[in-house]
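Next up, upload-v2.cif (mmCIF, C-alpha atoms):
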```cif
data_run
loop_
_atom_site.label_atom_id
_atom_site.label_comp_id
_atom_site.auth_asym_id
_atom_site.auth_seq_id
_atom_site.Cartn_x
_atom_site.Cartn_y
_atom_site.Cartn_z
CA LEU Q 1 135.73 136.48 123.05
CA GLY Q 2 132.81 136.63 125.52
CA ALA Q 3 134.62 134.32 127.93
CA TRP Q 4 137.71 136.56 127.76
CA LEU Q 5 135.75 139.79 128.26
CA GLY Q 6 133.79 138.29 131.15
CA ASN Q 7 136.97 136.83 132.64
CA ASN Q 8 135.44 133.35 132.64
CA ALA Q 9 137.75 130.37 132.93
CA ILE Q 10 137.99 127.56 130.42
CA GLN Q 11 139.18 124.07 131.22
CA ILE Q 12 142.60 123.11 129.85
CA ASP Q 13 144.44 119.82 129.47
CA VAL Q 14 145.67 118.55 132.85
CA GLY Q 15 148.82 116.93 131.46
CA LEU Q 16 149.97 120.03 129.58
CA ALA Q 17 149.07 122.30 132.52
CA GLY Q 18 151.04 120.12 134.93
CA GLN Q 19 154.05 120.01 132.63
CA LYS Q 20 154.06 123.79 132.18
CA LEU Q 21 153.62 124.39 135.93
CA LYS Q 22 156.59 122.12 136.69
CA GLU Q 23 158.71 124.01 134.12
CA ILE Q 24 157.78 127.38 135.63
CA SER Q 25 158.08 126.34 139.27
CA PRO Q 26 159.47 122.81 139.71
CA THR Q 27 159.02 122.67 143.50
CA LEU Q 28 155.55 124.22 143.78
CA LEU Q 29 153.64 120.93 143.97
CA GLN Q 30 154.24 118.71 146.97
CA PRO Q 31 155.66 115.19 146.49
CA GLY Q 32 152.79 112.99 145.33
CA GLU Q 33 150.48 115.96 144.66
CA THR Q 34 148.78 115.77 141.27
CA ILE Q 35 146.68 118.16 139.21
CA GLU Q 36 143.15 116.83 138.76
CA MET Q 37 141.56 119.76 136.87
CA ALA Q 38 143.16 122.85 135.32
CA PHE Q 39 141.69 126.16 134.13
CA LYS Q 40 142.86 129.29 132.34
CA MET Q 41 141.42 132.78 132.23
CA GLU Q 42 143.23 135.52 130.38
CA ARG Q 43 146.80 135.21 131.70
CA ASP Q 44 145.97 133.56 135.05
CA HIS Q 45 145.52 129.88 135.87
CA PHE Q 46 144.04 127.87 138.67
CA TYR Q 47 144.31 124.19 139.42
CA PHE Q 48 142.36 121.71 141.49
CA THR Q 49 145.08 119.40 142.76
CA SER Q 50 144.80 116.29 144.89
CA GLU Q 51 145.41 118.48 147.98
CA ARG Q 52 144.26 122.06 147.30
CA ILE Q 53 143.05 124.77 144.98
CA LEU Q 54 146.12 126.53 143.59
CA PHE Q 55 145.78 129.97 141.98
CA ARG Q 56 148.56 131.33 139.75
CA ASN Q 57 147.91 135.05 139.34
CA LYS Q 58 150.19 137.18 137.18
CA LYS Q 59 150.56 140.68 138.62
CA GLY Q 60 151.30 144.04 137.10
CA PHE Q 61 151.33 145.22 133.51
CA SER Q 62 154.15 142.92 132.39
CA GLY Q 63 152.95 139.88 134.34
CA GLN Q 64 156.45 139.05 135.54
CA ARG Q 65 155.39 139.09 139.19
CA VAL Q 66 153.35 136.01 140.02
CA GLU Q 67 151.28 135.33 143.12
CA TYR Q 68 150.48 131.75 144.14
CA LEU Q 69 147.55 131.27 146.48
CA SER Q 70 146.74 127.88 148.00
CA ILE Q 71 143.43 126.93 149.56
CA PRO Q 72 143.66 123.46 151.11
CA TYR Q 73 140.47 121.43 150.73
CA LYS Q 74 140.48 120.81 154.49
CA SER Q 75 140.00 124.59 155.05
CA ILE Q 76 136.85 124.73 152.90
CA LYS Q 77 133.73 125.04 155.04
CA ALA Q 78 131.14 125.16 152.25
CA PHE Q 79 130.88 125.25 148.48
CA ALA Q 80 128.20 125.80 145.83
CA VAL Q 81 128.00 125.34 142.09
CA GLN Q 82 125.67 127.28 139.84
CA SER Q 83 124.65 126.15 136.38
CA ALA Q 84 124.21 128.50 133.43
CA GLY Q 85 120.94 130.32 132.81
CA SER Q 86 119.42 131.92 129.73
CA ILE Q 87 120.78 135.41 130.47
CA ASP Q 88 123.72 134.66 132.77
CA VAL Q 89 125.37 131.99 130.64
CA ASP Q 90 128.45 131.33 132.76
CA THR Q 91 128.68 128.73 135.49
CA GLU Q 92 130.14 129.33 138.95
CA LEU Q 93 131.90 127.67 141.83
CA LYS Q 94 131.68 129.48 145.17
CA ILE Q 95 133.75 128.42 148.16
CA TRP Q 96 133.87 129.59 151.75
CA SER Q 97 137.09 128.75 153.54
CA SER Q 98 139.06 129.58 156.65
CA GLY Q 99 141.57 132.37 156.14
CA VAL Q 100 140.37 133.41 152.67
CA ASP Q 101 136.64 133.65 153.40
CA TYR Q 102 134.67 133.77 150.12
CA THR Q 103 135.96 132.98 146.62
CA VAL Q 104 134.06 132.84 143.32
CA MET Q 105 135.32 131.17 140.16
CA ASN Q 106 133.39 131.86 136.95
CA PHE Q 107 133.54 129.35 134.10
CA ALA Q 108 132.65 129.84 130.45
CA ALA Q 109 129.45 127.93 129.71
CA GLY Q 110 130.08 124.83 127.64
CA LYS Q 111 133.82 124.93 128.39
CA VAL Q 112 133.67 123.33 131.86
CA ASP Q 113 131.57 120.45 133.18
CA ILE Q 114 130.28 122.13 136.36
CA TYR Q 115 128.93 118.80 137.62
CA ALA Q 116 132.40 117.25 137.35
CA VAL Q 117 133.62 120.19 139.46
CA HIS Q 118 130.84 119.46 141.95
CA ARG Q 119 131.79 115.77 142.11
CA LEU Q 120 135.44 116.66 142.69
CA PHE Q 121 134.57 119.06 145.52
CA SER Q 122 132.15 116.56 147.03
CA SER Q 123 134.91 113.98 147.20
CA LYS Q 124 137.52 116.43 148.52
CA VAL Q 125 135.44 118.48 150.96
CA LEU Q 126 132.49 116.37 152.06
CA LEU Q 127 134.26 113.04 152.31
CA ALA Q 128 137.68 114.30 153.42
CA GLY Q 129 136.99 114.23 157.15
CA ASP Q 130 134.58 111.28 157.07
CA THR Q 131 136.24 108.45 158.95
CA ARG Q 132 133.16 106.23 158.83
CA VAL Q 133 133.43 103.26 156.55
CA ARG Q 134 130.14 101.97 155.25
CA GLU Q 135 130.04 98.46 153.88
CA ALA Q 136 128.05 97.81 150.73
CA GLY Q 137 124.36 97.57 151.55
CA GLN Q 138 124.78 98.79 155.14
CA GLU Q 139 122.13 101.30 156.22
CA ASP Q 140 122.69 104.14 158.71
CA GLU Q 141 119.01 104.39 159.54
CA ASP Q 142 115.97 103.66 157.43
CA PHE Q 143 114.13 106.91 156.84
CA SER Q 144 112.58 105.80 153.56
CA ALA Q 145 109.13 105.55 155.11
CA GLY Q 146 109.38 109.11 156.40
CA THR Q 147 108.37 110.37 159.79
CA PRO Q 148 105.05 112.12 160.06
CA VAL Q 149 105.28 115.68 161.25
CA GLU Q 150 102.95 116.33 164.16
CA ALA Q 151 101.22 119.66 164.24
CA SER Q 152 101.20 121.34 167.63
CA ALA Q 153 97.94 122.44 169.15
CA SER Q 154 97.29 126.08 168.40
CA SER Q 155 94.50 128.59 168.31
CA SER Q 156 92.03 129.05 165.46
CA ALA Q 157 93.52 132.51 164.77
CA THR Q 158 96.97 130.97 164.31
CA HIS Q 159 95.58 128.42 161.86
CA LYS Q 160 93.90 131.18 159.84
CA LEU Q 161 97.15 133.15 159.71
CA ASP Q 162 99.08 130.00 158.77
CA ASP Q 163 96.55 129.18 156.04
CA PHE Q 164 96.84 132.69 154.63
CA LEU Q 165 100.68 132.61 154.67
CA ASN Q 166 100.66 129.14 153.11
CA PHE Q 167 98.39 130.48 150.35
CA LEU Q 168 100.82 133.34 149.67
CA GLY Q 169 104.08 131.43 149.87
CA ASP Q 170 103.23 127.72 149.47
CA ASP Q 171 104.17 126.09 152.73
CA ALA Q 172 106.97 123.58 152.97
CA LYS Q 173 105.84 119.97 153.05
CA GLN Q 174 107.59 116.79 154.05
CA ILE Q 175 108.35 114.62 151.07
CA SER Q 176 109.69 111.14 150.75
CA PRO Q 177 113.48 110.93 151.12
CA ALA Q 178 113.44 108.16 148.48
CA THR Q 179 111.86 110.57 145.98
CA VAL Q 180 114.43 113.27 146.74
CA GLU Q 181 117.28 110.78 146.52
CA ALA Q 182 116.05 109.54 143.12
CA GLN Q 183 115.94 113.13 141.86
CA LEU Q 184 119.44 113.91 143.18
CA ARG Q 185 120.84 110.77 141.51
CA SER Q 186 119.38 111.61 138.09
CA ASN Q 187 120.22 114.38 135.65
CA PRO Q 188 122.44 115.97 136.92
CA PRO Q 189 123.73 113.46 139.48
CA ILE Q 190 124.56 115.40 142.65
CA LEU Q 191 124.90 112.70 145.33
CA GLU Q 192 128.01 110.61 145.83
CA GLN Q 193 127.58 106.81 145.49
CA ASP Q 194 127.55 106.21 149.24
CA GLU Q 195 125.60 109.36 150.10
CA ARG Q 196 121.95 109.07 151.18
CA VAL Q 197 119.04 111.39 151.78
#
```

Give the structure from the file, written as C-alpha coordinates.
Amino acid sequence: LGAWLGNNAIQIDVGLAGQKLKEISPTLLQPGETIEMAFKMERDHFYFTSERILFRNKKGFSGQRVEYLSIPYKSIKAFAVQSAGSIDVDTELKIWSSGVDYTVMNFAAGKVDIYAVHRLFSSKVLLAGDTRVREAGQEDEDFSAGTPVEASASSSATHKLDDFLNFLGDDAKQISPATVEAQLRSNPPILEQDERV
(Lines of atoms letter the chains of each structure in order from A and count residues from 1; the text may use other names and numbers.)
(Lines give C-alpha, C1' and ligand atoms only; values in the text may rest on other atoms or scores of the structure.)
Protein backbone atom coordinates (compact mmCIF):
# COMPACT_ATOMS: atom_id res chain seq x y z
CA LEU A 1 0.00 0.00 0.00
CA GLY A 2 2.85 2.43 0.85
CA ALA A 3 4.49 1.81 -2.52
CA TRP A 4 1.18 2.55 -4.28
CA LEU A 5 0.50 5.72 -2.27
CA GLY A 6 4.04 6.96 -2.81
CA ASN A 7 3.89 6.03 -6.49
CA ASN A 8 7.00 3.89 -6.14
CA ALA A 9 7.73 1.31 -8.82
CA ILE A 10 8.12 -2.39 -8.21
CA GLN A 11 10.08 -4.73 -10.44
CA ILE A 12 8.02 -7.17 -12.51
CA ASP A 13 8.87 -10.28 -14.51
CA VAL A 14 10.68 -9.37 -17.74
CA GLY A 15 9.18 -12.24 -19.76
CA LEU A 16 5.59 -11.47 -18.80
CA ALA A 17 6.14 -7.71 -19.28
CA GLY A 18 7.60 -8.27 -22.74
CA GLN A 19 4.78 -10.57 -23.75
CA LYS A 20 2.12 -8.11 -22.59
CA LEU A 21 3.87 -5.18 -24.30
CA LYS A 22 4.00 -7.11 -27.59
CA GLU A 23 0.26 -7.90 -27.27
CA ILE A 24 -0.60 -4.24 -26.63
CA SER A 25 1.72 -2.77 -29.24
CA PRO A 26 3.41 -5.41 -31.42
CA THR A 27 5.67 -2.99 -33.32
CA LEU A 28 6.82 -0.80 -30.43
CA LEU A 29 10.13 -2.60 -29.85
CA GLN A 30 12.71 -2.46 -32.61
CA PRO A 31 13.91 -5.69 -34.27
CA GLY A 32 16.40 -7.30 -31.89
CA GLU A 33 15.49 -4.97 -29.00
CA THR A 34 14.89 -6.84 -25.75
CA ILE A 35 13.54 -5.87 -22.34
CA GLU A 36 16.21 -6.22 -19.66
CA MET A 37 14.31 -4.89 -16.62
CA ALA A 38 10.62 -4.03 -16.21
CA PHE A 39 8.75 -2.00 -13.59
CA LYS A 40 5.16 -1.15 -12.69
CA MET A 41 3.70 1.69 -10.67
CA GLU A 42 -0.04 2.05 -10.33
CA ARG A 43 -1.24 1.76 -13.94
CA ASP A 44 1.98 2.90 -15.66
CA HIS A 45 5.02 0.85 -16.67
CA PHE A 46 8.58 1.54 -17.65
CA TYR A 47 11.16 -0.73 -19.18
CA PHE A 48 14.92 -0.74 -19.48
CA THR A 49 15.46 -2.30 -22.88
CA SER A 50 18.69 -3.14 -24.66
CA GLU A 51 18.49 0.26 -26.41
CA ARG A 52 16.52 2.73 -24.27
CA ILE A 53 14.31 3.54 -21.32
CA LEU A 54 10.71 3.16 -22.46
CA PHE A 55 7.89 4.73 -20.42
CA ARG A 56 4.28 3.59 -20.94
CA ASN A 57 2.07 6.21 -19.32
CA LYS A 58 -1.71 5.81 -19.30
CA LYS A 59 -3.44 9.19 -19.60
CA GLY A 60 -6.79 10.48 -18.46
CA PHE A 61 -9.37 9.05 -16.10
CA SER A 62 -10.09 5.95 -18.19
CA GLY A 63 -6.47 5.27 -19.13
CA GLN A 64 -7.36 4.54 -22.74
CA ARG A 65 -4.93 7.16 -24.05
CA VAL A 66 -1.35 5.96 -23.69
CA GLU A 67 1.84 7.96 -24.06
CA TYR A 68 5.11 6.20 -24.91
CA LEU A 69 8.30 8.09 -24.12
CA SER A 70 11.70 6.79 -25.20
CA ILE A 71 15.01 7.93 -23.78
CA PRO A 72 17.89 6.33 -25.70
CA TYR A 73 20.84 5.41 -23.49
CA LYS A 74 23.13 7.35 -25.84
CA SER A 75 21.27 10.58 -24.90
CA ILE A 76 21.91 10.13 -21.16
CA LYS A 77 24.60 12.50 -19.93
CA ALA A 78 24.62 11.48 -16.25
CA PHE A 79 22.81 9.21 -13.83
CA ALA A 80 22.68 8.61 -10.07
CA VAL A 81 21.21 5.95 -7.84
CA GLN A 82 20.18 6.52 -4.25
CA SER A 83 19.76 3.76 -1.70
CA ALA A 84 17.02 3.71 0.93
CA GLY A 85 17.43 5.48 4.26
CA SER A 86 15.74 5.07 7.62
CA ILE A 87 13.08 7.74 6.97
CA ASP A 88 13.02 7.91 3.17
CA VAL A 89 12.70 4.19 2.50
CA ASP A 90 12.41 4.27 -1.28
CA THR A 91 15.32 4.05 -3.69
CA GLU A 92 15.83 6.31 -6.69
CA LEU A 93 17.33 6.48 -10.14
CA LYS A 94 17.98 9.99 -11.49
CA ILE A 95 18.96 10.58 -15.10
CA TRP A 96 19.95 13.69 -17.01
CA SER A 97 19.52 13.39 -20.76
CA SER A 98 19.42 15.48 -23.91
CA GLY A 99 15.92 16.54 -24.88
CA VAL A 100 14.20 15.40 -21.67
CA ASP A 101 16.57 16.99 -19.15
CA TYR A 102 15.98 15.50 -15.67
CA THR A 103 13.98 12.37 -14.82
CA VAL A 104 13.52 10.66 -11.45
CA MET A 105 12.26 7.10 -10.98
CA ASN A 106 11.32 6.06 -7.44
CA PHE A 107 11.41 2.38 -6.49
CA ALA A 108 9.77 0.65 -3.54
CA ALA A 109 12.47 -0.40 -1.09
CA GLY A 110 13.06 -4.14 -1.11
CA LYS A 111 11.20 -4.54 -4.43
CA VAL A 112 14.06 -3.46 -6.72
CA ASP A 113 17.79 -4.19 -6.57
CA ILE A 114 19.06 -0.61 -7.02
CA TYR A 115 22.61 -1.90 -7.51
CA ALA A 116 21.46 -4.08 -10.41
CA VAL A 117 19.93 -0.91 -11.88
CA HIS A 118 23.26 0.85 -11.36
CA ARG A 119 25.16 -1.99 -13.08
CA LEU A 120 22.77 -1.89 -16.04
CA PHE A 121 23.16 1.88 -16.44
CA SER A 122 26.92 1.64 -16.05
CA SER A 123 27.06 -0.84 -18.91
CA LYS A 124 24.64 1.12 -21.12
CA VAL A 125 25.76 4.69 -20.44
CA LEU A 126 29.38 4.60 -19.30
CA LEU A 127 30.61 1.88 -21.61
CA ALA A 128 28.39 2.64 -24.61
CA GLY A 129 30.71 5.13 -26.28
CA ASP A 130 33.95 3.55 -25.07
CA THR A 131 35.75 2.26 -28.14
CA ARG A 132 38.90 1.34 -26.22
CA VAL A 133 39.50 -2.34 -25.81
CA ARG A 134 41.58 -3.27 -22.80
CA GLU A 135 43.19 -6.67 -22.77
CA ALA A 136 43.18 -8.64 -19.54
CA GLY A 137 45.88 -7.35 -17.22
CA GLN A 138 46.66 -4.29 -19.36
CA GLU A 139 47.14 -1.11 -17.33
CA ASP A 140 46.24 2.40 -18.54
CA GLU A 141 48.63 4.06 -16.11
CA ASP A 142 49.80 2.95 -12.71
CA PHE A 143 48.48 5.42 -10.16
CA SER A 144 48.44 2.91 -7.30
CA ALA A 145 51.38 4.59 -5.59
CA GLY A 146 49.60 7.95 -5.68
CA THR A 147 51.09 11.27 -6.59
CA PRO A 148 52.03 13.57 -3.75
CA VAL A 149 50.21 16.87 -3.78
CA GLU A 150 52.61 19.77 -3.52
CA ALA A 151 51.51 22.70 -1.42
CA SER A 152 52.16 26.08 -2.98
CA ALA A 153 54.10 28.68 -1.09
CA SER A 154 51.76 31.02 0.73
CA SER A 155 51.73 33.50 3.54
CA SER A 156 51.43 32.65 7.23
CA ALA A 157 48.01 34.36 7.32
CA THR A 158 46.76 32.07 4.54
CA HIS A 159 47.97 29.00 6.44
CA LYS A 160 46.16 30.16 9.59
CA LEU A 161 42.94 30.69 7.62
CA ASP A 162 43.37 27.30 5.92
CA ASP A 163 43.99 25.61 9.28
CA PHE A 164 40.86 27.20 10.72
CA LEU A 165 38.71 26.19 7.70
CA ASN A 166 40.16 22.67 7.80
CA PHE A 167 39.22 22.48 11.50
CA LEU A 168 35.64 23.51 10.70
CA GLY A 169 35.08 21.41 7.61
CA ASP A 170 37.74 18.67 7.60
CA ASP A 171 39.89 19.32 4.57
CA ALA A 172 40.00 16.93 1.66
CA LYS A 173 43.01 14.63 1.63
CA GLN A 174 44.53 12.51 -1.08
CA ILE A 175 43.98 8.83 -0.44
CA SER A 176 45.28 5.75 -2.13
CA PRO A 177 43.41 4.87 -5.34
CA ALA A 178 43.87 1.19 -4.42
CA THR A 179 41.99 1.76 -1.16
CA VAL A 180 39.15 3.56 -2.94
CA GLU A 181 38.98 0.87 -5.62
CA ALA A 182 38.78 -1.87 -2.98
CA GLN A 183 35.90 -0.03 -1.29
CA LEU A 184 34.05 0.48 -4.59
CA ARG A 185 34.41 -3.22 -5.45
CA SER A 186 32.99 -4.41 -2.11
CA ASN A 187 29.50 -4.15 -0.67
CA PRO A 188 27.83 -2.76 -2.76
CA PRO A 189 29.99 -3.29 -5.85
CA ILE A 190 29.86 -0.07 -7.89
CA LEU A 191 32.74 -0.41 -10.37
CA GLU A 192 32.53 -2.42 -13.57
CA GLN A 193 35.04 -5.29 -13.95
CA ASP A 194 37.34 -3.34 -16.27
CA GLU A 195 36.88 0.00 -14.50
CA ARG A 196 39.72 1.40 -12.37
CA VAL A 197 40.22 4.22 -9.92

- Query: Between atom CA of Lys111 of chain Q and atom CA of Ile10 of chain Q, what is the distance, to one decimal in Å?
  - Reply: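 About the pair atom CA of Lys111 of chain Q and atom CA of Ile10 of chain Q: they are 5.3 Å apart.
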
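For the file at hand, the PyMOL selection byres ((chain Q and resi 72) around 9) resolves to Glu51, Arg52, Ile53, Leu54, Ser70, Ile71, Tyr73, Lys74, Ser75, Ile76 and Ser97 of chain Q.
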
- Task: Kindly resolve the PyMOL selection byres ((chain Q and resi 102) around 12) on the present coordinates and return the residues as an MDAnalysis selection string.
- Result: chainID Q and resid 71 75:80 93:101 103:105

- Message: Would you pick out the contacts of Thr34 of chain Q at 10 Å or less, using only C-alpha atoms, so that residues sharing its chain but fewer than 6 positions from it are not included, and give the list as JSON, numbers by chain?
- Response: {"Q": [14, 15, 18, 47, 48, 49, 50, 51, 52]}

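Of note, atom CA of His118 of chain Q and atom CA of Ile190 of chain Q are spaced 7.5 Å apart.
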
- Message: What would the selection look like, as a list in words, if the PyMOL selection byres ((chain Q and resi 46) around 9) were run on the coordinates I just shared?
- Response: Ala9, Met37, Ala38, Phe39, Lys40, Met41, Asp44, His45, Tyr47, Phe48, Ile53, Leu54, Phe55, Arg56 and Asn57 of chain Q

- Task: Could you tell me how far atom CA of Val81 of chain Q lies from atom CA of Asp13 of chain Q, in Å and to one decimal?
- Result: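 Answer for the atom CA of Val81 of chain Q to atom CA of Asp13 of chain Q separation: 21.4 Å.
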
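If you measure from each of Q:Thr91, Q:Gln11, Q:Ser123, Q:Thr179 to Asp194 of chain Q using only C-alpha atoms, the closest one turns out to be Q:Ser123.
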
- Minimum-distance residue to Ser176 of chain Q, chosen among Q:Pro26, Q:Lys58, Q:Val197, Q:Pro188 (using all atoms listed in the file):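 Ranking Q:Pro26, Q:Lys58, Q:Val197, Q:Pro188 by distance to Ser176 of chain Q, first place goes to Q:Val197.
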
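Checking Q:Gly60, Q:Gly85, Q:Pro189, Q:Pro31 one by one against Ala116 of chain Q, counting all atoms listed in the file, you find the shortest gap at Q:Pro189.
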
- Task: Give the answer as one residue: which of Q:Gln30, Q:Leu120, Q:Asn7, Q:Glu36 has the shortest atom-to-atom distance to Asp90 of chain Q, using only C-alpha atoms?
- Result: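 Looking only at the distances to Asp90 of chain Q, the closest residue turns out to be Q:Asn7.
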
- When distances are computed from all atoms listed in the file, which of Q:Tyr68, Q:Ile175, Q:Glu192, Q:Leu127 shows the smallest separation from Leu29 of chain Q?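 So, comparing all the options, the nearest one is Q:Tyr68.
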